[in-house]
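Everything on this sheet refers to the single structure shown next.
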Number of protein chains: 4
Amino acid sequence: MGLKFPKDFVFGFSEAGFQFEMGVPGSEDPNTDWWVWVHDPENIVAGIVSGDFPENGPGYWNLYRQDHDTADRLGMDGARIGIEWSRVFPKPTFDVRVSTEVDGDGNTVYVDVGEKALEELDRIANREAVTRYREILSDWKNRGKLLIVNLYHWPLPLWIHNPLKVRSLGPDRAPSGWLDRRIVVEFAKYAAYIAWKLGDLPDLWSTMNEPSVIYSLGYISIRSGFPPGYISTEAAFKAAKHLTEAHARAYDMVKKYSRKPVGIIYATTVVEPLTPEHRDAAETAYSMQNFEFLDSIKFGRSRLVGWRKDLEERLDYIGVNYYTRQVVVSSKTLLGWSVVSGYGFACQPGGLSAAGRPCSEFGWEVYPEGISVALERFWERYRLPLIVTENGIADAMDRYRSRYIVSHLAQIHRAIEKGVDVRGYLHWALVDNYEWAQGFKMKFGLNYVDLNTKKRYLRPSALVFREIAKGKEVIDELLHLAEV
Amino acid sequence: MGLKFPKDFVFGFSEAGFQFEMGVPGSEDPNTDWWVWVHDPENIVAGIVSGDFPENGPGYWNLYRQDHDTADRLGMDGARIGIEWSRVFPKPTFDVRVSTEVDGDGNTVYVDVGEKALEELDRIANREAVTRYREILSDWKNRGKLLIVNLYHWPLPLWIHNPLKVRSLGPDRAPSGWLDRRIVVEFAKYAAYIAWKLGDLPDLWSTMNEPSVIYSLGYISIRSGFPPGYISTEAAFKAAKHLTEAHARAYDMVKKYSRKPVGIIYATTVVEPLTPEHRDAAETAYSMQNFEFLDSIKFGRSRLVGWRKDLEERLDYIGVNYYTRQVVVSSKTLLGWSVVSGYGFACQPGGLSAAGRPCSEFGWEVYPEGISVALERFWERYRLPLIVTENGIADAMDRYRSRYIVSHLAQIHRAIEKGVDVRGYLHWALVDNYEWAQGFKMKFGLNYVDLNTKKRYLRPSALVFREIAKGKEVIDELLHLAEV
Amino acid sequence: MGLKFPKDFVFGFSEAGFQFEMGVPGSEDPNTDWWVWVHDPENIVAGIVSGDFPENGPGYWNLYRQDHDTADRLGMDGARIGIEWSRVFPKPTFDVRVSTEVDGDGNTVYVDVGEKALEELDRIANREAVTRYREILSDWKNRGKLLIVNLYHWPLPLWIHNPLKVRSLGPDRAPSGWLDRRIVVEFAKYAAYIAWKLGDLPDLWSTMNEPSVIYSLGYISIRSGFPPGYISTEAAFKAAKHLTEAHARAYDMVKKYSRKPVGIIYATTVVEPLTPEHRDAAETAYSMQNFEFLDSIKFGRSRLVGWRKDLEERLDYIGVNYYTRQVVVSSKTLLGWSVVSGYGFACQPGGLSAAGRPCSEFGWEVYPEGISVALERFWERYRLPLIVTENGIADAMDRYRSRYIVSHLAQIHRAIEKGVDVRGYLHWALVDNYEWAQGFKMKFGLNYVDLNTKKRYLRPSALVFREIAKGKEVIDELLHLAEV
Amino acid sequence: MGLKFPKDFVFGFSEAGFQFEMGVPGSEDPNTDWWVWVHDPENIVAGIVSGDFPENGPGYWNLYRQDHDTADRLGMDGARIGIEWSRVFPKPTFDVRVSTEVDGDGNTVYVDVGEKALEELDRIANREAVTRYREILSDWKNRGKLLIVNLYHWPLPLWIHNPLKVRSLGPDRAPSGWLDRRIVVEFAKYAAYIAWKLGDLPDLWSTMNEPSVIYSLGYISIRSGFPPGYISTEAAFKAAKHLTEAHARAYDMVKKYSRKPVGIIYATTVVEPLTPEHRDAAETAYSMQNFEFLDSIKFGRSRLVGWRKDLEERLDYIGVNYYTRQVVVSSKTLLGWSVVSGYGFACQPGGLSAAGRPCSEFGWEVYPEGISVALERFWERYRLPLIVTENGIADAMDRYRSRYIVSHLAQIHRAIEKGVDVRGYLHWALVDNYEWAQGFKMKFGLNYVDLNTKKRYLRPSALVFREIAKGKEVIDELLHLAEV
């Protein structure tokens, strides 16, 4: 009567460099846009960022073995681990020559990074960092676990993006990251290099994490505290286009040097209308936020990129990140729809949503029904394998996490029963992490981290996770937790 | 670095008849004061009781094996189980002759229930009920576990107490329970009979649960919804005196027929002054609520009973029930002190206390520091072995229970380290129960009970309890939960 | 465009002895059930009453001129002023012989207090108290204002009701107030005496205030803290019957000696169903709480009294007290309906109702729509003149009072427009008062009273009241306050 | 015993163009930075501005007579009325030649706008707008009231500041407002022109409103939603310097053509340390926020401007705007101090502050003690006449406004008693207004405005204000409202 998951269904965790690596002296990586952004005194005074610093984080760069031990004890058999571009290439790679083709519209339709270029890159690269990544990935892999390696999780090397300069000089006179066409080729170089150096280890690759969040929070919705905080729809579109190209060109290179499946990790936004009359607006918002980008790299066709052969069929699986829903009404704004406060991401931290659901300390409504919608709609449209690559809750006192986990697993199980090909569930997060502009306030870990001693402690929900992961089943006696 | 408990330290649960037994058809016991009290339509309309009925409860009378299985799986090796007087003697026992001695002040200083009386009682008793109790106790005992049997946990047979008649006719024209001197002898008969019939099973006996609650909530503080809700300080004192005598006379009889240690289960009220100038008032309140009764049956001397040889040394161990503290100020009221709202038992349900502590759904502040005070002060005064016989939290969603358990265990450990002889920790409760005037609203179970199906479900804290009980240790990785 | 009221529409205040008179040394009246009830240490410790004492009240007994001045300045031209039975007759009047007739069912169907009896009563009466009442009433009357005198507003002389003895001895061995048939005759004597002594002063008489509250809060719903707190449906019915008889016999005597119109002041309970399927239950509750008593004294026919000629047509007008609504569902309880928490009287103090309306510090929802319902239904059924004799809000900081007043006046205006004969609006209260079991916590005054100095201060709403009362109009610019 | 104010103490209101003028068709002024800023779709989607539009405002441009009538009825005898630069000069004035002197550091130390230039300006000016302003000012002045005219209250003509272009191109390639040195001269031209055209009307002039808010909210603290939202300490300093120069040069020109006293309106920030050890940090913050700017234009000496003869003694009185305090701790940030959440401006809207004070719907703590501090410290340092030119509360339901007004007046009275020269109290606001980035959500009016019909309604506090203003006294009976 419990909920049994397939024998090869993976239970695990997700990790990202900037949010977990730093913490032990010597682990700092100051060469990124995010580093300068969260350290900028003016950003701190203005309340754009928290004033917490990532160098006081959990310290995975040094303590990865301990975290892998913990994951093991909790019955985890899979992980997604991130690599930081800036650690591998702290200095520019512009001068390394590679074949590229740009079409008449300025689209980068082809990049090839040959062996010679790779050797040149190898001279520029920080080899110590590469070695450390090999150790980290091997430590996990050698335990007989599934390994997904993700190449990009938001921080960019400072040489390609300096958000403080974008602010003071405008984007056309500063290293402007995703607004600069050149980033496509540089990202392909980096991807090729990693595949060449570490390609024996992963079972699966992901090129990047949540591209839509980068262009929307960076250029449309400034309250997020994301760099560069430059409000411009035009810029958002440009960044989005470059992200699709970067993905496609990186896909080509990873495949060339590794052959393992390559996917992308996507932040789903399950949109619901406030009332039935807003159904069209909700559908528009759903499509815009969930399908535009993936259509571009699966079908090579979308409103975002038009029709581009060079982008199509660059997707072997989808990593699905899901936290909560979004409720909208149709409106006369630019987008044609507006988010309704009191639901989904737009709730009072620690309160109840307008629908009476508990909300996390981030102000995110607990809404497990959304994850099966997300999975079903991706499956229906793309017929690609799916892995839940992030799901979790900011909940320092662990008041809701057990319920959060079980209720979402119950919805995932429901999707599987309906025939959706879901391969695994990677929880965010194994241990407490640095949560971007919010700093350390948001506690997502199954394990609490004492940031002073770096010691890890089990939250009660970790025991619930263990109970489930070890048996690959939500047993009957835990099923009551599926109700929110 | 974890907190290790002695090897023979017992982890277990506490159970009481009226709150757990009923639920399966055929298990109803309508022959008690509490039954008529919670079913009285006028009490329900007046909001004195909840309108929930105990016959819809968890059903331990029939499902005890299943609950013992669950306890076993959670690593429990001890239990306190209650017997209901009214089930054993649904009809009056007044006519059974026994030797008694009443002194010039009307004190019942001696009772002896001989074999002949026991046989007569056996004819009056409901033997099916006795057989069922043997089955229940044996089922637990046969698993090799520690068994404490408690003889009285609040409901009285209707033939000795009818609270509705007390209300309409006054206590001198109705069966008035603890206000009627005859109850002392009848209780001794009942105790003797149980010791005679079931004396082979328990490791320890308790005569009664929380006597001070009976006389204070029944006669002083009417908001509790306790029968008979008859406000009279004089009556409270009379009830208190009869309870001491009943204990002492029952102690004698149980010892006569069983020889196992006999104790009492006591509700501690750890009193603290709001500010230092109220220290004297707090000390008076502490003493009055925690020591008066126990002094009477240990030393035979107290303000409550004066000096009575026939009461002294009737106590082999103390069962300590602890939930939270009480904060007082000195005042010009009858008692000389008043309880301050916002602390301890007097908080907003589900809110924060005035000290910023979380409060249970009962409005009880989480205050673990109090339990070590309670244990230390009992030890210092009585030098008797102590067992924590109740500790737990009304917390339907299990938001605080893990933290509640660990923080209280940490304080118990602290007391043990200081030399206090604490022998075990019995959690209240294994499964959700019927909570007197509050009905089913207060959820104390490590296991959630679906009252429709009677199915039990694990709350996350049950896994935390299991982790601790199985190793008899709060491991290092759980120690962060000791902070409230 | 404003709301104009008829020229002779009265704006004023209501006052009651126990709640306002005491405060200045020498003004104490300890000869009542309420006095002993609120001073009883056991009641205080039990939390049944507040621990505040009426002798620390606003002191109208001495400061009435000042309050009349204030009322005058606020544009008030009417008042309802109470007389205390216990002040006039601190000692029993049983021995004064009068003609009475009791029928076979024990109903007191006739009482006549002749001149001789009045002279005898005059010898027993406390003449100083009578003189003071003449001064108080004259001071108001001499300003050319409308005067309503109310004979009974809850406290009973201790010789006819001792609630502490009812509790300890049962009602048949203690002075049991409304449970004792003799009260009917004694009340008639008191009414006759007042009419005989002070009958030249009032424009209108009222026999009693809110009889239904007395029998329901005293005998059914114990949480109210009303004496005697004796839970018994049978007792409630007996008290209700005696109250109808007391009214009718008093009506006869007041008419005999004064000839002015005699009415009653009634607490309306505007009942609404939670959802349409509970409409029948709501209608039953409406009828039971609003019509049973008044039907008895208007038509001489009701479920309460059967068919009694001696009660009919004893009502010249109705004083309507309105505070909020009651929302019910049908239920299997004794009454057939249950009150739904979160609406009307059953809200969180200072919060919002389940319908999103603000709630007073008493936990009473602001629901002005109900007052027009109350007025319309009384008018439709009885075709008697109506006066709003109480309406107001416990609101220490005056956050809602202006809005409360205007919104209720707008509803009253609406009823008048529909043809209902409403003659006036008497606000509860002119100054802060002693609110029974709640003590001084509930602040109903247009004027704040510093209880230490007895000084009165204007709340902002007093200026709004003045603006309206002086023009007998809610001007256009204030109409936005009619929205809650 | 009441608080009497001097006979010539002025009670009145403050008004500002952008926040009040628009509302009636034809009154729109789209030629400003603020207009494009609040209409920018990207700003709306990003949540930087409310989405409310000023053209739906109260409509003072057309309805000023009605508002003056209301003010009159409320006993007001003074007002501060704003003029909009952009209405008078919708097109650039750069080409009008005037004498100027810029020193070696780029400081504009002298500007003279001669008659010829004035005539040229007159040809460029929108004369209809000037005529309308004459009508508005005359209507007030002709009632025999005190008139303060303020020249600048935040919106800049679009030809001198386009914040959308500053964002996309950087400030050096866009009209950058206060970052462009040329603004000093253009502002002087505008000031000279107004003094020349309307100089017969005002009793007092103010050059500008709250200069420190412009440079801090525009360039330091981005959450405010102020244009251009360009985070740069360097830019903030530059803007501050240009504002001092603009004031001084405008001062010179107004004096030249009008001779009436010229002051400035300043936003006070009364800083308090969280605990005594933060006293130095608090003093630094106090000085930086309250004295730097005023020192510059009074003493010609400050850390902001160094030592500049051309700025000194350009201040005849100070307009003091006060709303609440700021609580700080010393910190390692750029400024040396950080604002503590939960006090002053940094509170939960509609909640209680960390000090238990009520907070407005803007999240501003009610803290009247601060206003006497502000007045005393200004007086002590500058010995100039003071006028409270803004004080009020966002409080749609008028729950706190009466108390807010009386408590602040009590503190002002206290300052006067101590010898501070306070000349008047101008409430913000007479009617509800457009509150910048917050739009219409914040309701500051003594009068509620129905934005659909433009009808004004009295809030209860308006009657309290009237009571005080008419007698120039807070009478005894209102003094309880001085306690928060």
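Chain labels A, B, ... are given in the sequence in which chains occur in the structure tokens; within each chain residues are numbered consecutively from 1, and ligands are likewise numbered from 1 in the order shown.
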Residues of chain A within 12 Å of chain D, only C-alpha atoms counted, as a VMD selection string: chain A and resid 39 to 49 51 163 to 174 216 to 225 228 to 236 331 to 339 341 348
Per residue of region 206-284 of chain C within 12 Å of region 138-147 of chain C, what are the shortest atom pair and its distance in Å to one decimal, counting only C-alpha atoms, with rows by chain and residue number, as a tab-separated table?
```
residue	atom	partner	partner_atom	distance
C:Ser206	CA	C:Leu147	CA	10.8
C:Lys260	CA	C:Leu147	CA	11.3
C:Pro261	CA	C:Leu147	CA	11.8
```
Exercise: Leu63 (chain B) partners within 10 Å, only C-alpha atoms, chain neighbours under 4 positions left out, as a ChimeraX atom specification: /B:20-24,58-59,67-68,136,454-455
Resulting file, chosen residues, N, CA, C and O atoms, as a PDB file, in the first residue's frame:
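So part17.pdb came out as:
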```pdb
ATOM      1  N   PHE B  20      -7.132   6.046  25.789  1.00  0.00           N
ATOM      2  CA  PHE B  20      -6.656   5.204  24.679  1.00  0.00           C
ATOM      3  C   PHE B  20      -7.531   3.981  24.395  1.00  0.00           C
ATOM      4  O   PHE B  20      -7.592   3.536  23.265  1.00  0.00           O
ATOM      5  N   GLU B  21      -8.170   3.418  25.425  1.00  0.00           N
ATOM      6  CA  GLU B  21      -8.779   2.104  25.244  1.00  0.00           C
ATOM      7  C   GLU B  21      -9.913   2.062  24.231  1.00  0.00           C
ATOM      8  O   GLU B  21      -9.990   1.167  23.400  1.00  0.00           O
ATOM      9  N   MET B  22     -10.805   3.046  24.321  1.00  0.00           N
ATOM     10  CA  MET B  22     -12.011   2.954  23.503  1.00  0.00           C
ATOM     11  C   MET B  22     -11.734   3.320  22.048  1.00  0.00           C
ATOM     12  O   MET B  22     -10.766   3.979  21.730  1.00  0.00           O
ATOM     13  N   GLY B  23     -12.612   2.864  21.163  1.00  0.00           N
ATOM     14  CA  GLY B  23     -12.466   3.175  19.743  1.00  0.00           C
ATOM     15  C   GLY B  23     -13.072   2.105  18.856  1.00  0.00           C
ATOM     16  O   GLY B  23     -13.697   2.405  17.849  1.00  0.00           O
ATOM     17  N   VAL B  24     -12.915   0.852  19.263  1.00  0.00           N
ATOM     18  CA  VAL B  24     -13.490  -0.247  18.493  1.00  0.00           C
ATOM     19  C   VAL B  24     -14.834  -0.596  19.146  1.00  0.00           C
ATOM     20  O   VAL B  24     -14.897  -0.674  20.378  1.00  0.00           O
ATOM     21  N   PRO B  58      -8.496   5.843  19.905  1.00  0.00           N
ATOM     22  CA  PRO B  58      -7.565   4.993  19.162  1.00  0.00           C
ATOM     23  C   PRO B  58      -7.815   3.486  19.319  1.00  0.00           C
ATOM     24  O   PRO B  58      -7.346   2.709  18.490  1.00  0.00           O
ATOM     25  N   GLY B  59      -8.517   3.069  20.380  1.00  0.00           N
ATOM     26  CA  GLY B  59      -8.934   1.665  20.446  1.00  0.00           C
ATOM     27  C   GLY B  59      -7.894   0.675  20.947  1.00  0.00           C
ATOM     28  O   GLY B  59      -7.866  -0.482  20.511  1.00  0.00           O
ATOM     29  N   ASP B  67      -0.125  -1.800  18.728  1.00  0.00           N
ATOM     30  CA  ASP B  67       0.621  -0.701  19.349  1.00  0.00           C
ATOM     31  C   ASP B  67       1.906  -1.206  19.996  1.00  0.00           C
ATOM     32  O   ASP B  67       2.939  -0.530  19.962  1.00  0.00           O
ATOM     33  N   HIS B  68       1.842  -2.387  20.587  1.00  0.00           N
ATOM     34  CA  HIS B  68       3.066  -2.952  21.175  1.00  0.00           C
ATOM     35  C   HIS B  68       4.086  -3.269  20.077  1.00  0.00           C
ATOM     36  O   HIS B  68       5.282  -3.056  20.260  1.00  0.00           O
ATOM     37  N   ILE B 136      -3.471  -7.947  27.857  1.00  0.00           N
ATOM     38  CA  ILE B 136      -2.748  -6.736  27.433  1.00  0.00           C
ATOM     39  C   ILE B 136      -1.381  -6.672  28.104  1.00  0.00           C
ATOM     40  O   ILE B 136      -0.346  -6.494  27.459  1.00  0.00           O
ATOM     41  N   LYS B 454      -8.637   3.919  12.277  1.00  0.00           N
ATOM     42  CA  LYS B 454      -7.794   3.498  13.401  1.00  0.00           C
ATOM     43  C   LYS B 454      -6.360   3.162  12.956  1.00  0.00           C
ATOM     44  O   LYS B 454      -5.557   2.667  13.747  1.00  0.00           O
ATOM     45  N   LYS B 455      -6.037   3.442  11.704  1.00  0.00           N
ATOM     46  CA  LYS B 455      -4.677   3.167  11.241  1.00  0.00           C
ATOM     47  C   LYS B 455      -3.690   4.135  11.896  1.00  0.00           C
ATOM     48  O   LYS B 455      -3.968   5.292  12.086  1.00  0.00           O
TER      49      LYS B 455
END
```
Contacts of Asp105 (chain A) at 12 Å (only C-alpha atoms; same-chain gap of 2+ positions) as a list in words: Glu101, Val102, Asp103, Asn107, Thr108, Val109, Arg181, Lys241, Val305, Gly306 and Arg308 of chain A
Residue list (alpha helix (DSSP H), DSSP) for region 149-380 of chain A, as a PyMOL selection string: chain A and resi 163-169+183-198+211-219+233-257+279-290+292-298+369-380
Atomic separation - CA of Gly319 (chain C) relative to CA of Pro385 (chain C), Å: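 Interatomic distance, CA of Pro385 (chain C) to CA of Gly319 (chain C): 8.7 Å.
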Non-local contacts of Leu409 (chain A) (10 Å; only C-alpha atoms; under 3 positions in same chain excluded) as a list in words: Leu3, Phe5, Pro368, Ile371, Ser372, Asn391, Arg403, Tyr404, Ile405, Val406, Ile412, His413, Arg414, Ala415, Tyr425, Ile468, Glu473, Val474 and Ala482 of chain A
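The list of residues with at least one atom within 10 Å of Pro273 (chain C), based on only C-alpha atoms and without residues fewer than 4 positions apart in the same chain, reads Glu277, His278, Arg279, Asp280, Ala281, Ala282, Glu283, Ala285, Gln326, Val327, Val328, Val329, Ser330, Trp337, Val339 and Val340 of chain C.
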Dump N, CA and C atoms for the selected residues as a PDB file, in the first residue's frame?
```
ATOM      1  N   GLU C 277     -27.893  25.915   3.295  1.00  0.00           N
ATOM      2  CA  GLU C 277     -28.542  24.707   3.821  1.00  0.00           C
ATOM      3  C   GLU C 277     -28.769  24.761   5.326  1.00  0.00           C
ATOM      4  N   HIS C 278     -28.226  25.756   5.993  1.00  0.00           N
ATOM      5  CA  HIS C 278     -28.445  25.876   7.430  1.00  0.00           C
ATOM      6  C   HIS C 278     -29.517  26.932   7.745  1.00  0.00           C
ATOM      7  N   ARG C 279     -30.289  27.293   6.740  1.00  0.00           N
ATOM      8  CA  ARG C 279     -31.261  28.362   6.918  1.00  0.00           C
ATOM      9  C   ARG C 279     -32.313  28.035   7.991  1.00  0.00           C
ATOM     10  N   ASP C 280     -32.776  26.793   7.994  1.00  0.00           N
ATOM     11  CA  ASP C 280     -33.791  26.427   8.986  1.00  0.00           C
ATOM     12  C   ASP C 280     -33.236  26.519  10.407  1.00  0.00           C
ATOM     13  N   ALA C 281     -32.034  26.010  10.574  1.00  0.00           N
ATOM     14  CA  ALA C 281     -31.404  26.082  11.897  1.00  0.00           C
ATOM     15  C   ALA C 281     -31.263  27.540  12.324  1.00  0.00           C
ATOM     16  N   ALA C 282     -30.859  28.391  11.386  1.00  0.00           N
ATOM     17  CA  ALA C 282     -30.670  29.808  11.700  1.00  0.00           C
ATOM     18  C   ALA C 282     -32.005  30.438  12.094  1.00  0.00           C
ATOM     19  N   GLU C 283     -33.052  30.070  11.388  1.00  0.00           N
ATOM     20  CA  GLU C 283     -34.353  30.651  11.687  1.00  0.00           C
ATOM     21  C   GLU C 283     -34.833  30.200  13.070  1.00  0.00           C
ATOM     22  N   ALA C 285     -32.894  29.400  15.558  1.00  0.00           N
ATOM     23  CA  ALA C 285     -32.054  30.111  16.520  1.00  0.00           C
ATOM     24  C   ALA C 285     -32.488  31.570  16.634  1.00  0.00           C
ATOM     25  N   GLN C 326     -24.659  36.527  14.845  1.00  0.00           N
ATOM     26  CA  GLN C 326     -24.276  35.175  15.229  1.00  0.00           C
ATOM     27  C   GLN C 326     -24.424  34.318  13.970  1.00  0.00           C
ATOM     28  N   VAL C 327     -23.436  33.511  13.654  1.00  0.00           N
ATOM     29  CA  VAL C 327     -23.537  32.619  12.492  1.00  0.00           C
ATOM     30  C   VAL C 327     -23.636  31.188  12.997  1.00  0.00           C
ATOM     31  N   VAL C 328     -24.597  30.440  12.464  1.00  0.00           N
ATOM     32  CA  VAL C 328     -24.828  29.085  12.983  1.00  0.00           C
ATOM     33  C   VAL C 328     -24.853  28.050  11.860  1.00  0.00           C
ATOM     34  N   VAL C 329     -24.662  26.815  12.281  1.00  0.00           N
ATOM     35  CA  VAL C 329     -24.940  25.652  11.439  1.00  0.00           C
ATOM     36  C   VAL C 329     -25.936  24.769  12.186  1.00  0.00           C
ATOM     37  N   SER C 330     -26.669  23.969  11.456  1.00  0.00           N
ATOM     38  CA  SER C 330     -27.529  23.002  12.130  1.00  0.00           C
ATOM     39  C   SER C 330     -26.628  21.933  12.733  1.00  0.00           C
ATOM     40  N   TRP C 337     -28.749  23.648  16.774  1.00  0.00           N
ATOM     41  CA  TRP C 337     -27.865  24.527  16.015  1.00  0.00           C
ATOM     42  C   TRP C 337     -26.634  24.814  16.860  1.00  0.00           C
ATOM     43  N   VAL C 339     -23.122  27.544  17.161  1.00  0.00           N
ATOM     44  CA  VAL C 339     -22.497  28.787  16.742  1.00  0.00           C
ATOM     45  C   VAL C 339     -21.174  28.475  16.056  1.00  0.00           C
ATOM     46  N   VAL C 340     -20.928  29.159  14.937  1.00  0.00           N
ATOM     47  CA  VAL C 340     -19.680  28.965  14.195  1.00  0.00           C
ATOM     48  C   VAL C 340     -18.647  29.992  14.656  1.00  0.00           C
TER      49      VAL C 340
END
```
Selection: 10 Å around Ile183 (chain D), only C-alpha atoms, excl. self and same-chain fewer than 5 positions, as a list in words: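 The residues satisfying every condition are Phe94, Leu156, Ile160, His161, Pro175, Ser176, Gly177, Trp178, Ala188, Lys189, His242, Leu243, Glu245 and Ala246 of chain D.
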d(CA of Trp436 (chain C), CA of Trp154 (chain C)) in Å: 9.9 Å
CA of Ile83 (chain B) to CA of Asn150 (chain B), distance in Å rounded to a single decimal: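 Atom-to-atom, CA of Ile83 (chain B) and CA of Asn150 (chain B) are spaced 6.3 Å apart.
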Residue set, region 64-281 of chain B restricted to strand (DSSP E or B), as a PyMOL selection string: chain B and resi 78-82+99-102+108-112+146-150+157+161+176+204-209+262-267+270-273
